[in-house]
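A.B. asks: start19.cif is reproduced below (mmCIF, C-alpha atoms and all ligand atoms).
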```
data_data
#
loop_
_atom_site.group_PDB
_atom_site.id
_atom_site.type_symbol
_atom_site.label_atom_id
_atom_site.label_comp_id
_atom_site.auth_asym_id
_atom_site.auth_seq_id
_atom_site.Cartn_x
_atom_site.Cartn_y
_atom_site.Cartn_z
ATOM 1 C CA MET A 128 22.696 28.854 4.896
ATOM 2 C CA LYS A 129 19.795 26.435 4.534
ATOM 3 C CA HIS A 130 17.076 27.286 2.055
ATOM 4 C CA ILE A 131 14.012 25.421 3.173
ATOM 5 C CA THR A 132 10.463 26.383 2.320
ATOM 6 C CA HIS A 133 8.600 26.863 5.589
ATOM 7 C CA ASN A 134 6.407 23.795 5.189
ATOM 8 C CA ASP A 135 8.951 21.434 3.648
ATOM 9 C CA ALA A 136 11.034 18.797 5.400
ATOM 10 C CA ASP A 137 14.602 19.700 6.334
ATOM 11 C CA LEU A 138 16.429 17.374 3.956
ATOM 12 C CA THR A 139 19.856 18.745 4.849
ATOM 13 C CA ALA A 140 20.056 16.637 8.027
ATOM 14 C CA PHE A 141 20.929 12.928 7.976
ATOM 15 C CA GLY A 142 19.408 9.693 9.088
ATOM 16 C CA LYS A 143 15.957 10.640 10.306
ATOM 17 C CA ILE A 144 14.021 7.415 10.779
ATOM 18 C CA VAL A 145 10.415 7.743 9.663
ATOM 19 C CA ASP A 146 8.102 6.266 12.281
ATOM 20 C CA GLY A 147 5.452 4.642 10.077
ATOM 21 C CA LYS A 148 3.745 3.124 13.079
ATOM 22 C CA ALA A 149 3.177 6.529 14.689
ATOM 23 C CA ILE A 150 2.007 8.137 11.429
ATOM 24 C CA ALA A 151 -0.352 5.203 10.839
ATOM 25 C CA ALA A 152 -1.730 5.609 14.372
ATOM 26 C CA THR A 153 -2.413 9.316 13.726
ATOM 27 C CA ILE A 154 -4.261 8.527 10.489
ATOM 28 C CA ARG A 155 -6.244 5.702 12.133
ATOM 29 C CA GLN A 156 -7.298 8.144 14.843
ATOM 30 C CA SER A 157 -8.702 10.458 12.179
ATOM 31 C CA LEU A 158 -10.504 7.532 10.499
ATOM 32 C CA LYS A 159 -12.423 6.838 13.716
ATOM 33 C CA SER A 160 -14.657 9.868 13.250
ATOM 34 C CA ARG A 161 -15.572 8.674 9.736
ATOM 35 C CA VAL A 162 -16.551 5.254 11.113
ATOM 36 C CA LYS A 163 -18.584 6.981 13.832
ATOM 37 C CA LYS A 164 -20.419 9.075 11.248
ATOM 38 C CA LEU A 165 -21.283 5.962 9.227
ATOM 39 C CA LYS A 166 -22.525 4.207 12.358
ATOM 40 C CA GLU A 167 -24.788 7.166 13.082
ATOM 41 C CA GLN A 168 -26.392 6.352 9.725
ATOM 42 C CA ASN A 169 -26.665 2.673 10.779
ATOM 43 C CA VAL A 170 -23.869 1.638 8.439
ATOM 44 C CA ILE A 171 -21.041 -0.561 9.696
ATOM 45 C CA PRO A 172 -18.206 -0.609 7.173
ATOM 46 C CA GLY A 173 -17.507 -4.226 6.225
ATOM 47 C CA LEU A 174 -14.484 -5.935 4.673
ATOM 48 C CA ALA A 175 -14.372 -9.512 3.342
ATOM 49 C CA VAL A 176 -10.938 -11.119 3.074
ATOM 50 C CA ILE A 177 -10.296 -14.256 1.018
ATOM 51 C CA LEU A 178 -7.156 -16.266 1.678
ATOM 52 C CA VAL A 179 -6.278 -19.297 -0.441
ATOM 53 C CA GLY A 180 -3.491 -21.654 0.612
ATOM 54 C CA ASP A 181 -1.027 -21.656 3.465
ATOM 55 C CA ASN A 182 1.569 -19.027 2.537
ATOM 56 C CA PRO A 183 2.842 -18.076 6.039
ATOM 57 C CA ALA A 184 3.505 -14.417 5.125
ATOM 58 C CA SER A 185 -0.010 -14.052 3.675
ATOM 59 C CA ALA A 186 -1.481 -15.544 6.850
ATOM 60 C CA VAL A 187 0.359 -12.915 8.935
ATOM 61 C CA TYR A 188 -0.751 -10.062 6.649
ATOM 62 C CA VAL A 189 -4.381 -11.216 6.753
ATOM 63 C CA ARG A 190 -4.290 -11.536 10.543
ATOM 64 C CA ASN A 191 -2.944 -7.953 10.806
ATOM 65 C CA LYS A 192 -5.625 -6.640 8.450
ATOM 66 C CA LEU A 193 -8.448 -8.300 10.390
ATOM 67 C CA ARG A 194 -7.104 -7.140 13.763
ATOM 68 C CA SER A 195 -6.778 -3.569 12.489
ATOM 69 C CA CYS A 196 -10.376 -3.656 11.216
ATOM 70 C CA ALA A 197 -11.582 -4.748 14.646
ATOM 71 C CA GLU A 198 -9.637 -1.947 16.365
ATOM 72 C CA LEU A 199 -11.375 0.640 14.199
ATOM 73 C CA GLY A 200 -14.887 -0.831 14.401
ATOM 74 C CA ILE A 201 -14.889 -2.166 10.834
ATOM 75 C CA ALA A 202 -16.702 -5.502 10.509
ATOM 76 C CA SER A 203 -14.622 -8.146 8.815
ATOM 77 C CA SER A 204 -15.121 -11.685 7.602
ATOM 78 C CA LYS A 205 -12.428 -14.139 6.618
ATOM 79 C CA PHE A 206 -12.838 -16.886 3.993
ATOM 80 C CA LEU A 207 -10.116 -19.525 4.102
ATOM 81 C CA PHE A 208 -9.549 -22.040 1.315
ATOM 82 C CA PRO A 209 -6.997 -24.847 0.901
ATOM 83 C CA THR A 210 -4.227 -24.543 -1.711
ATOM 84 C CA ASP A 211 -6.091 -26.900 -4.062
ATOM 85 C CA ALA A 212 -9.327 -24.839 -3.910
ATOM 86 C CA SER A 213 -11.301 -24.685 -7.133
ATOM 87 C CA PRO A 214 -11.275 -21.272 -8.895
ATOM 88 C CA PRO A 215 -15.035 -21.451 -9.697
ATOM 89 C CA ASP A 216 -15.748 -21.776 -5.950
ATOM 90 C CA ILE A 217 -13.814 -18.565 -5.280
ATOM 91 C CA LEU A 218 -15.523 -16.783 -8.197
ATOM 92 C CA ARG A 219 -18.929 -17.804 -6.805
ATOM 93 C CA LEU A 220 -17.998 -16.514 -3.358
ATOM 94 C CA ILE A 221 -16.872 -13.186 -4.840
ATOM 95 C CA GLU A 222 -20.190 -12.871 -6.684
ATOM 96 C CA ASP A 223 -22.066 -13.506 -3.420
ATOM 97 C CA LEU A 224 -19.960 -10.885 -1.662
ATOM 98 C CA ASN A 225 -20.544 -8.418 -4.526
ATOM 99 C CA ALA A 226 -24.276 -8.795 -3.897
ATOM 100 C CA ASN A 227 -24.035 -8.593 -0.092
ATOM 101 C CA PRO A 228 -24.989 -5.076 1.092
ATOM 102 C CA GLU A 229 -23.110 -5.521 4.378
ATOM 103 C CA VAL A 230 -19.813 -6.016 2.538
ATOM 104 C CA HIS A 231 -18.269 -2.760 1.281
ATOM 105 C CA GLY A 232 -14.800 -4.047 0.483
ATOM 106 C CA ILE A 233 -13.494 -7.353 -0.917
ATOM 107 C CA LEU A 234 -9.853 -8.359 -0.802
ATOM 108 C CA VAL A 235 -8.271 -11.499 -2.228
ATOM 109 C CA GLN A 236 -4.860 -11.922 -0.638
ATOM 110 C CA LEU A 237 -2.088 -12.400 -3.218
ATOM 111 C CA PRO A 238 -0.251 -14.438 -4.307
ATOM 112 C CA LEU A 239 -2.791 -17.068 -5.335
ATOM 113 C CA PRO A 240 -1.769 -20.684 -6.066
ATOM 114 C CA PRO A 241 -0.487 -21.144 -9.650
ATOM 115 C CA HIS A 242 -3.657 -22.830 -10.993
ATOM 116 C CA PHE A 243 -5.573 -19.549 -10.488
ATOM 117 C CA ASN A 244 -5.946 -16.917 -13.199
ATOM 118 C CA VAL A 245 -5.348 -13.821 -11.058
ATOM 119 C CA THR A 246 -6.889 -11.442 -13.614
ATOM 120 C CA ASP A 247 -10.134 -13.477 -13.703
ATOM 121 C CA ILE A 248 -10.361 -13.324 -9.925
ATOM 122 C CA LEU A 249 -9.583 -9.610 -9.620
ATOM 123 C CA GLU A 250 -11.956 -8.649 -12.461
ATOM 124 C CA THR A 251 -14.825 -10.491 -10.753
ATOM 125 C CA ILE A 252 -14.618 -8.226 -7.706
ATOM 126 C CA SER A 253 -17.050 -5.336 -8.167
ATOM 127 C CA ALA A 254 -15.006 -2.200 -8.973
ATOM 128 C CA SER A 255 -16.994 -0.379 -6.270
ATOM 129 C CA LYS A 256 -15.795 -2.898 -3.634
ATOM 130 C CA ASP A 257 -12.226 -3.198 -4.923
ATOM 131 C CA VAL A 258 -10.481 -1.731 -1.870
ATOM 132 C CA ASP A 259 -7.110 -3.069 -3.062
ATOM 133 C CA GLY A 260 -7.418 -1.024 -6.257
ATOM 134 C CA PHE A 261 -6.406 -3.980 -8.442
ATOM 135 C CA HIS A 262 -9.485 -4.139 -10.744
ATOM 136 C CA LEU A 263 -8.689 -2.900 -14.258
ATOM 137 C CA TYR A 264 -11.276 -0.107 -13.872
ATOM 138 C CA ASN A 265 -9.408 1.231 -10.852
ATOM 139 C CA VAL A 266 -6.009 0.670 -12.466
ATOM 140 C CA GLY A 267 -7.283 2.733 -15.417
ATOM 141 C CA GLY A 268 -8.411 5.438 -12.992
ATOM 142 C CA LEU A 269 -4.922 5.510 -11.555
ATOM 143 C CA VAL A 270 -3.377 5.880 -15.011
ATOM 144 C CA VAL A 271 -5.479 8.967 -15.761
ATOM 145 C CA GLY A 272 -4.980 10.387 -12.262
ATOM 146 C CA ASN A 273 -8.514 9.869 -11.024
ATOM 147 C CA THR A 274 -8.820 6.749 -8.935
ATOM 148 C CA VAL A 275 -11.248 5.965 -6.145
ATOM 149 C CA PHE A 276 -9.216 3.198 -4.503
ATOM 150 C CA PRO A 277 -5.464 3.779 -4.732
ATOM 151 C CA PRO A 278 -3.521 0.527 -4.098
ATOM 152 C CA CYS A 279 -2.746 0.409 -0.394
ATOM 153 C CA THR A 280 1.051 0.137 -0.250
ATOM 154 C CA PRO A 281 1.937 2.940 -2.681
ATOM 155 C CA TYR A 282 -0.895 5.040 -1.241
ATOM 156 C CA GLY A 283 0.692 4.524 2.184
ATOM 157 C CA VAL A 284 4.054 5.679 0.816
ATOM 158 C CA VAL A 285 2.470 8.857 -0.592
ATOM 159 C CA LYS A 286 0.837 9.542 2.793
ATOM 160 C CA LEU A 287 4.190 8.985 4.547
ATOM 161 C CA LEU A 288 5.904 11.456 2.231
ATOM 162 C CA GLU A 289 3.105 13.979 2.724
ATOM 163 C CA HIS A 290 3.216 13.560 6.494
ATOM 164 C CA GLU A 291 6.983 14.151 6.475
ATOM 165 C CA ARG A 292 6.444 17.151 4.175
ATOM 166 C CA VAL A 293 8.783 15.771 1.530
ATOM 167 C CA PRO A 294 8.437 17.882 -1.638
ATOM 168 C CA ILE A 295 7.621 15.659 -4.647
ATOM 169 C CA GLU A 296 7.034 18.061 -7.540
ATOM 170 C CA GLY A 297 10.025 18.183 -9.884
ATOM 171 C CA LYS A 298 12.004 15.636 -7.846
ATOM 172 C CA ASN A 299 13.827 12.663 -9.302
ATOM 173 C CA VAL A 300 12.065 9.530 -8.133
ATOM 174 C CA VAL A 301 13.510 6.093 -8.758
ATOM 175 C CA VAL A 302 11.252 3.118 -8.068
ATOM 176 C CA VAL A 303 13.066 -0.216 -7.838
ATOM 177 C CA GLY A 304 10.574 -2.989 -8.607
ATOM 178 C CA ALA A 305 7.884 -3.013 -11.287
ATOM 179 C CA SER A 306 5.165 -5.133 -9.673
ATOM 180 C CA ASN A 307 1.466 -4.482 -10.233
ATOM 181 C CA ILE A 308 0.983 -4.239 -6.460
ATOM 182 C CA VAL A 309 3.696 -1.695 -5.628
ATOM 183 C CA GLY A 310 6.173 -0.543 -8.283
ATOM 184 C CA LYS A 311 3.864 0.373 -11.178
ATOM 185 C CA PRO A 312 1.142 2.124 -9.112
ATOM 186 C CA MET A 313 3.850 3.870 -7.057
ATOM 187 C CA ALA A 314 5.390 5.306 -10.215
ATOM 188 C CA LEU A 315 1.992 6.472 -11.500
ATOM 189 C CA MET A 316 1.077 8.164 -8.218
ATOM 190 C CA LEU A 317 4.343 10.064 -7.978
ATOM 191 C CA MET A 318 4.203 11.003 -11.665
ATOM 192 C CA GLN A 319 0.726 12.400 -10.969
ATOM 193 C CA LYS A 320 2.401 14.602 -8.358
ATOM 194 C CA ASP A 321 4.793 15.908 -11.023
ATOM 195 C CA ALA A 322 7.902 13.959 -10.066
ATOM 196 C CA THR A 323 10.282 12.732 -12.765
ATOM 197 C CA VAL A 324 9.928 8.985 -12.374
ATOM 198 C CA CYS A 325 12.175 6.124 -13.431
ATOM 199 C CA ILE A 326 11.250 2.463 -12.851
ATOM 200 C CA CYS A 327 14.014 -0.118 -12.458
ATOM 201 C CA HIS A 328 13.390 -3.867 -12.348
ATOM 202 C CA ALA A 329 15.053 -7.263 -12.374
ATOM 203 C CA LYS A 330 16.404 -6.780 -15.910
ATOM 204 C CA THR A 331 17.826 -3.301 -15.284
ATOM 205 C CA ARG A 332 21.549 -3.193 -16.054
ATOM 206 C CA ASP A 333 23.729 -1.300 -13.567
ATOM 207 C CA LEU A 334 21.024 -0.399 -11.054
ATOM 208 C CA ALA A 335 23.337 2.035 -9.255
ATOM 209 C CA GLN A 336 23.559 4.423 -12.223
ATOM 210 C CA PHE A 337 19.824 5.057 -11.765
ATOM 211 C CA THR A 338 19.465 4.912 -7.976
ATOM 212 C CA ILE A 339 22.265 7.438 -7.444
ATOM 213 C CA LEU A 340 20.122 10.080 -9.206
ATOM 214 C CA ALA A 341 17.147 9.633 -6.892
ATOM 215 C CA ASP A 342 15.985 12.432 -4.617
ATOM 216 C CA ILE A 343 13.346 9.930 -3.529
ATOM 217 C CA LEU A 344 14.224 6.242 -3.783
ATOM 218 C CA VAL A 345 11.424 3.702 -3.343
ATOM 219 C CA VAL A 346 12.569 0.102 -3.167
ATOM 220 C CA ALA A 347 10.154 -2.808 -3.558
ATOM 221 C CA ALA A 348 12.192 -5.632 -5.030
ATOM 222 C CA GLY A 349 12.298 -8.327 -2.344
ATOM 223 C CA TYR A 350 16.081 -8.735 -1.971
ATOM 224 C CA PRO A 351 17.845 -7.993 1.320
ATOM 225 C CA LYS A 352 20.657 -5.437 0.984
ATOM 226 C CA LEU A 353 19.899 -4.811 -2.696
ATOM 227 C CA ILE A 354 20.521 -1.117 -2.027
ATOM 228 C CA LEU A 355 23.924 -0.302 -0.555
ATOM 229 C CA ALA A 356 25.163 3.109 0.589
ATOM 230 C CA PRO A 357 27.264 3.912 -2.527
ATOM 231 C CA MET A 358 24.084 3.535 -4.641
ATOM 232 C CA VAL A 359 22.295 6.336 -2.770
ATOM 233 C CA LYS A 360 22.585 10.083 -3.310
ATOM 234 C CA THR A 361 23.590 12.085 -0.245
ATOM 235 C CA GLY A 362 20.459 13.591 1.309
ATOM 236 C CA ALA A 363 18.016 11.265 -0.478
ATOM 237 C CA VAL A 364 14.692 10.153 0.968
ATOM 238 C CA VAL A 365 14.762 6.343 1.072
ATOM 239 C CA ILE A 366 11.535 4.356 1.305
ATOM 240 C CA ASP A 367 12.034 0.642 1.880
ATOM 241 C CA VAL A 368 8.980 -1.415 0.933
ATOM 242 C CA GLY A 369 10.819 -4.765 1.094
ATOM 243 C CA ILE A 370 9.966 -7.363 3.716
ATOM 244 C CA ASN A 371 12.437 -10.253 3.806
ATOM 245 C CA ARG A 372 12.900 -12.899 6.461
ATOM 246 C CA LEU A 373 16.583 -13.846 6.910
ATOM 247 C CA PRO A 374 17.569 -17.427 7.832
ATOM 248 C CA THR A 375 18.191 -16.047 11.355
ATOM 249 C CA GLY A 376 14.493 -15.156 11.526
ATOM 250 C CA GLN A 377 15.203 -11.409 11.420
ATOM 251 C CA LEU A 378 12.850 -9.268 9.327
ATOM 252 C CA VAL A 379 14.702 -6.853 7.024
ATOM 253 C CA GLY A 380 13.923 -4.653 4.029
ATOM 254 C CA ASP A 381 15.726 -4.315 0.681
ATOM 255 C CA VAL A 382 18.016 -1.512 1.891
ATOM 256 C CA ASP A 383 21.230 -1.806 3.919
ATOM 257 C CA PHE A 384 19.580 0.251 6.649
ATOM 258 C CA GLU A 385 22.528 1.013 8.944
ATOM 259 C CA GLU A 386 24.860 2.176 6.162
ATOM 260 C CA VAL A 387 22.301 3.954 3.981
ATOM 261 C CA ARG A 388 20.937 5.763 7.023
ATOM 262 C CA LYS A 389 24.243 7.641 7.366
ATOM 263 C CA LYS A 390 23.737 9.127 3.886
ATOM 264 C CA ALA A 391 19.976 9.548 3.613
ATOM 265 C CA ALA A 392 18.033 12.532 4.912
ATOM 266 C CA LEU A 393 15.036 10.339 5.709
ATOM 267 C CA ILE A 394 14.731 6.568 5.752
ATOM 268 C CA THR A 395 11.952 4.132 6.603
ATOM 269 C CA PRO A 396 12.794 1.150 8.832
ATOM 270 C CA VAL A 397 11.641 -2.450 8.384
ATOM 271 C CA PRO A 398 9.575 -3.316 10.299
ATOM 272 C CA GLY A 399 7.711 -0.184 11.410
ATOM 273 C CA GLY A 400 7.976 1.908 8.230
ATOM 274 C CA VAL A 401 5.715 1.294 5.252
ATOM 275 C CA GLY A 402 4.010 -1.854 6.633
ATOM 276 C CA PRO A 403 1.658 -0.156 9.132
ATOM 277 C CA MET A 404 0.729 2.396 6.449
ATOM 278 C CA THR A 405 -0.395 -0.318 4.002
ATOM 279 C CA VAL A 406 -2.951 -1.682 6.433
ATOM 280 C CA THR A 407 -4.104 1.835 7.345
ATOM 281 C CA MET A 408 -4.794 2.662 3.695
ATOM 282 C CA LEU A 409 -6.831 -0.536 3.389
ATOM 283 C CA LEU A 410 -8.945 0.684 6.312
ATOM 284 C CA GLU A 411 -9.305 4.087 4.647
ATOM 285 C CA ASN A 412 -10.332 2.528 1.313
ATOM 286 C CA THR A 413 -12.905 0.326 3.082
ATOM 287 C CA ILE A 414 -14.378 3.348 4.866
ATOM 288 C CA SER A 415 -14.419 5.267 1.554
ATOM 289 C CA ALA A 416 -16.260 2.376 -0.095
ATOM 290 C CA ALA A 417 -18.891 2.414 2.664
ATOM 291 C CA GLU A 418 -19.225 6.213 2.470
ATOM 292 C CA ARG A 419 -19.630 6.163 -1.298
ATOM 293 C CA LYS A 420 -22.284 3.475 -1.141
ATOM 294 C CA THR A 421 -24.143 5.297 1.647
ATOM 295 C CA ALA A 422 -24.035 8.603 -0.225
ATOM 296 C CA LYS A 423 -25.356 6.886 -3.360
ATOM 297 C CA ALA A 424 -28.188 5.220 -1.441
ATOM 298 C CA ASP A 425 -29.126 8.616 0.044
ATOM 299 C CA SER A 426 -29.238 10.319 -3.321
ATOM 300 C CA ILE A 427 -31.435 7.577 -4.789
ATOM 301 C CA SER A 428 -33.936 7.844 -1.925
ATOM 302 C CA ILE A 429 -34.340 11.611 -2.415
HETATM 303 N N1 LIG B 1 -0.033 -9.321 -1.255
HETATM 304 C C1 LIG B 1 0.979 -8.453 -1.000
HETATM 305 N N2 LIG B 1 0.512 -7.201 -0.887
HETATM 306 C C2 LIG B 1 -0.829 -7.268 -1.081
HETATM 307 C C3 LIG B 1 -1.861 -6.297 -1.093
HETATM 308 O O1 LIG B 1 -1.653 -5.094 -0.907
HETATM 309 N N3 LIG B 1 -3.110 -6.768 -1.325
HETATM 310 C C4 LIG B 1 -3.352 -8.084 -1.555
HETATM 311 N N4 LIG B 1 -4.608 -8.451 -1.794
HETATM 312 N N5 LIG B 1 -2.421 -9.013 -1.562
HETATM 313 C C5 LIG B 1 -1.162 -8.604 -1.316
#
```
As a first step, turn the structure in this file into C-alpha cells.
C.D. replies:
Amino acid sequence: MKHITHNDADLTAFGKIVDGKAIAATIRQSLKSRVKKLKEQNVIPGLAVILVGDNPASAVYVRNKLRSCAELGIASSKFLFPTDASPPDILRLIEDLNANPEVHGILVQLPLPPHFNVTDILETISASKDVDGFHLYNVGGLVVGNTVFPPCTPYGVVKLLEHERVPIEGKNVVVVGASNIVGKPMALMLMQKDATVCICHAKTRDLAQFTILADILVVAAGYPKLILAPMVKTGAVVIDVGINRLPTGQLVGDVDFEEVRKKAALITPVPGGVGPMTVTMLLENTISAAERKTAKADSISI
C-alpha cells in the first residue's frame, strides 16, 4: 500500500519527466498581473543586461532573457562590449545604471573575460538592483535565510520542486557542483527548507557513494553523462542543471537521461527542464525589484 501525504508527489512511480517549460509558462502567466499592477502606477519594470565578449552560449542566454522580458512587458536594454573591453568602462556603465530610475535590475552575464575581477564588477551593482543575487549583500542574505533576490537557477529548481509537490524537509539532498552560481546557493536554499544537504565537487572521491544516498539529486557540474543509473537511488528526484553541447550539436545535461529515467521517480530533461525556470526567476526578481522600489517611493511620499 502506498503511503503518500495528500499534497505530496507520488514518488513510487518511475520516470515522470518534469515539464519545466510548462511550469515556467504557468509562473510567467501569474507574473503578468504584477507587471500590470506596476504599469497602473506608471512603472515599467526595466532590466539592463551587460554582455562582454563573444561566448556563443552567453549570447544565446542573453537573447533568451531579452526575448522573455519583451513577452512579459518588461523593458530591457542590452549593452554589448568586445572581449578586450576595459573594466573601468563597465564599472562606469554599472554606476550609471545604478543611478537610472528606469532600470530596476542589472545583470552582467558570466563568465567575464579573464582580465576582469568578477567580484569588483558584481559588488558595483547596487544590491537593490542585483536581480542575479550575486552581490555579497544578497549572498549574505541567502546564508541567513533572508534574501530578496535568490539566484535564478537554484530558485527555479526550488520552484520546480514545489510545483511538483516534492517534499524537501528531512530529505537527503546531494548537490553535484559547488559553483557560486548554482551549487552553493542551491545547497543553502534546500538547507533552509530543512533538507540534509551534501555538496560534491570536482575533487570529490567516489562520487557514487554520495549520489546513491540522494532522495533529491541536483547536478550542475558541466559533464555529459557524469551521472549514470547505478549512481542513483531507486525513486530519487533527479534535477539536471547541466547544459552541454556534444560534437554532434545535440544539447544534453549531466545525467544519462534515458537510463536514469528508468530508476528515478521524477527527472528533468535537457533542454526543457531547469533552463526555462532560470529565465522565469530572473523576470520575477526584476518585477520584485520594481515593486520594492515603487513601494519605497510611495512610503517616502506619504
Ligand atoms: N552565466 C550562467 N548562468 C548565469 C546566471 O544565472 N547569471 C549570469 N549573470 N550569468 C550566468
A.B. asks: The centre and edge lengths of an axis-aligned box containing all atoms of range 402-416 of chain A present in the file, extended by 6 Å on each side, are to be given in Å to one decimal, as JSON.
C.D. replies:
```
{"center_x": -6.1, "center_y": 1.7, "center_z": 4.5, "size_x": 32.3, "size_y": 19.1, "size_z": 21.2}
```
A.B. asks: For ligand LIG 1 (chain B), list the contacting residues at 7 Å or closer, counting only C-alpha atoms and all ligand atoms, as a ChimeraX atom specification.
C.D. replies: /A:185,234-238,259,278-280,308,405
A.B. asks: Counting only C-alpha atoms, which residue out of A:Leu224, A:Leu340, A:Val179, A:Ala329 sits closest to Ala212 in chain A?
C.D. replies: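 Comparing A:Leu224, A:Leu340, A:Val179, A:Ala329 against Ala212 in chain A, the winner is A:Val179.
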A.B. asks: As a check of understanding, name the residues that the PyMOL selection byres (((chain A and resi 202) around 9) and not hetatm) selects in the supplied structure, as a PyMOL selection string.
C.D. replies: chain A and resi 171-175+193+196-197+199-201+203-204+229-230
A.B. asks: Go through the shown structure with the PyMOL selection byres (((chain A and resi 360) around 7) and not hetatm) and write out the matching residues as number ranges by chain.
C.D. replies: A: 339-341, 358-359, 361-363
A.B. asks: Rebuild range 407-418 of chain A to N, CA, C and O atoms - output it as a compact mmCIF listing (two decimals), keeping the file's coordinate frame, please.
C.D. replies:
```
# COMPACT_ATOMS: atom_id res chain seq x y z
N THR A 407 -3.29 0.64 7.07
CA THR A 407 -4.10 1.84 7.34
C THR A 407 -4.83 2.30 6.09
O THR A 407 -6.00 2.71 6.13
N MET A 408 -4.16 2.23 4.94
CA MET A 408 -4.79 2.66 3.70
C MET A 408 -5.91 1.70 3.28
O MET A 408 -6.88 2.10 2.67
N LEU A 409 -5.75 0.42 3.65
CA LEU A 409 -6.83 -0.54 3.39
C LEU A 409 -8.07 -0.15 4.22
O LEU A 409 -9.21 -0.19 3.73
N LEU A 410 -7.83 0.25 5.46
CA LEU A 410 -8.94 0.68 6.31
C LEU A 410 -9.60 1.92 5.69
O LEU A 410 -10.82 2.01 5.60
N GLU A 411 -8.77 2.85 5.25
CA GLU A 411 -9.30 4.09 4.65
C GLU A 411 -10.13 3.76 3.39
O GLU A 411 -11.23 4.30 3.20
N ASN A 412 -9.60 2.88 2.54
CA ASN A 412 -10.33 2.53 1.31
C ASN A 412 -11.66 1.84 1.65
O ASN A 412 -12.66 2.05 0.96
N THR A 413 -11.66 1.02 2.70
CA THR A 413 -12.90 0.33 3.08
C THR A 413 -13.94 1.34 3.58
O THR A 413 -15.13 1.27 3.24
N ILE A 414 -13.47 2.30 4.38
CA ILE A 414 -14.38 3.35 4.87
C ILE A 414 -14.89 4.18 3.69
O ILE A 414 -16.09 4.49 3.60
N SER A 415 -14.00 4.51 2.75
CA SER A 415 -14.42 5.27 1.55
C SER A 415 -15.49 4.51 0.79
O SER A 415 -16.46 5.11 0.31
N ALA A 416 -15.29 3.19 0.65
CA ALA A 416 -16.26 2.38 -0.10
C ALA A 416 -17.62 2.45 0.59
O ALA A 416 -18.66 2.60 -0.08
N ALA A 417 -17.62 2.35 1.92
CA ALA A 417 -18.89 2.41 2.66
C ALA A 417 -19.52 3.80 2.53
O ALA A 417 -20.74 3.93 2.35
N GLU A 418 -18.70 4.84 2.60
CA GLU A 418 -19.23 6.21 2.47
C GLU A 418 -19.83 6.44 1.09
O GLU A 418 -20.90 7.05 0.95
```
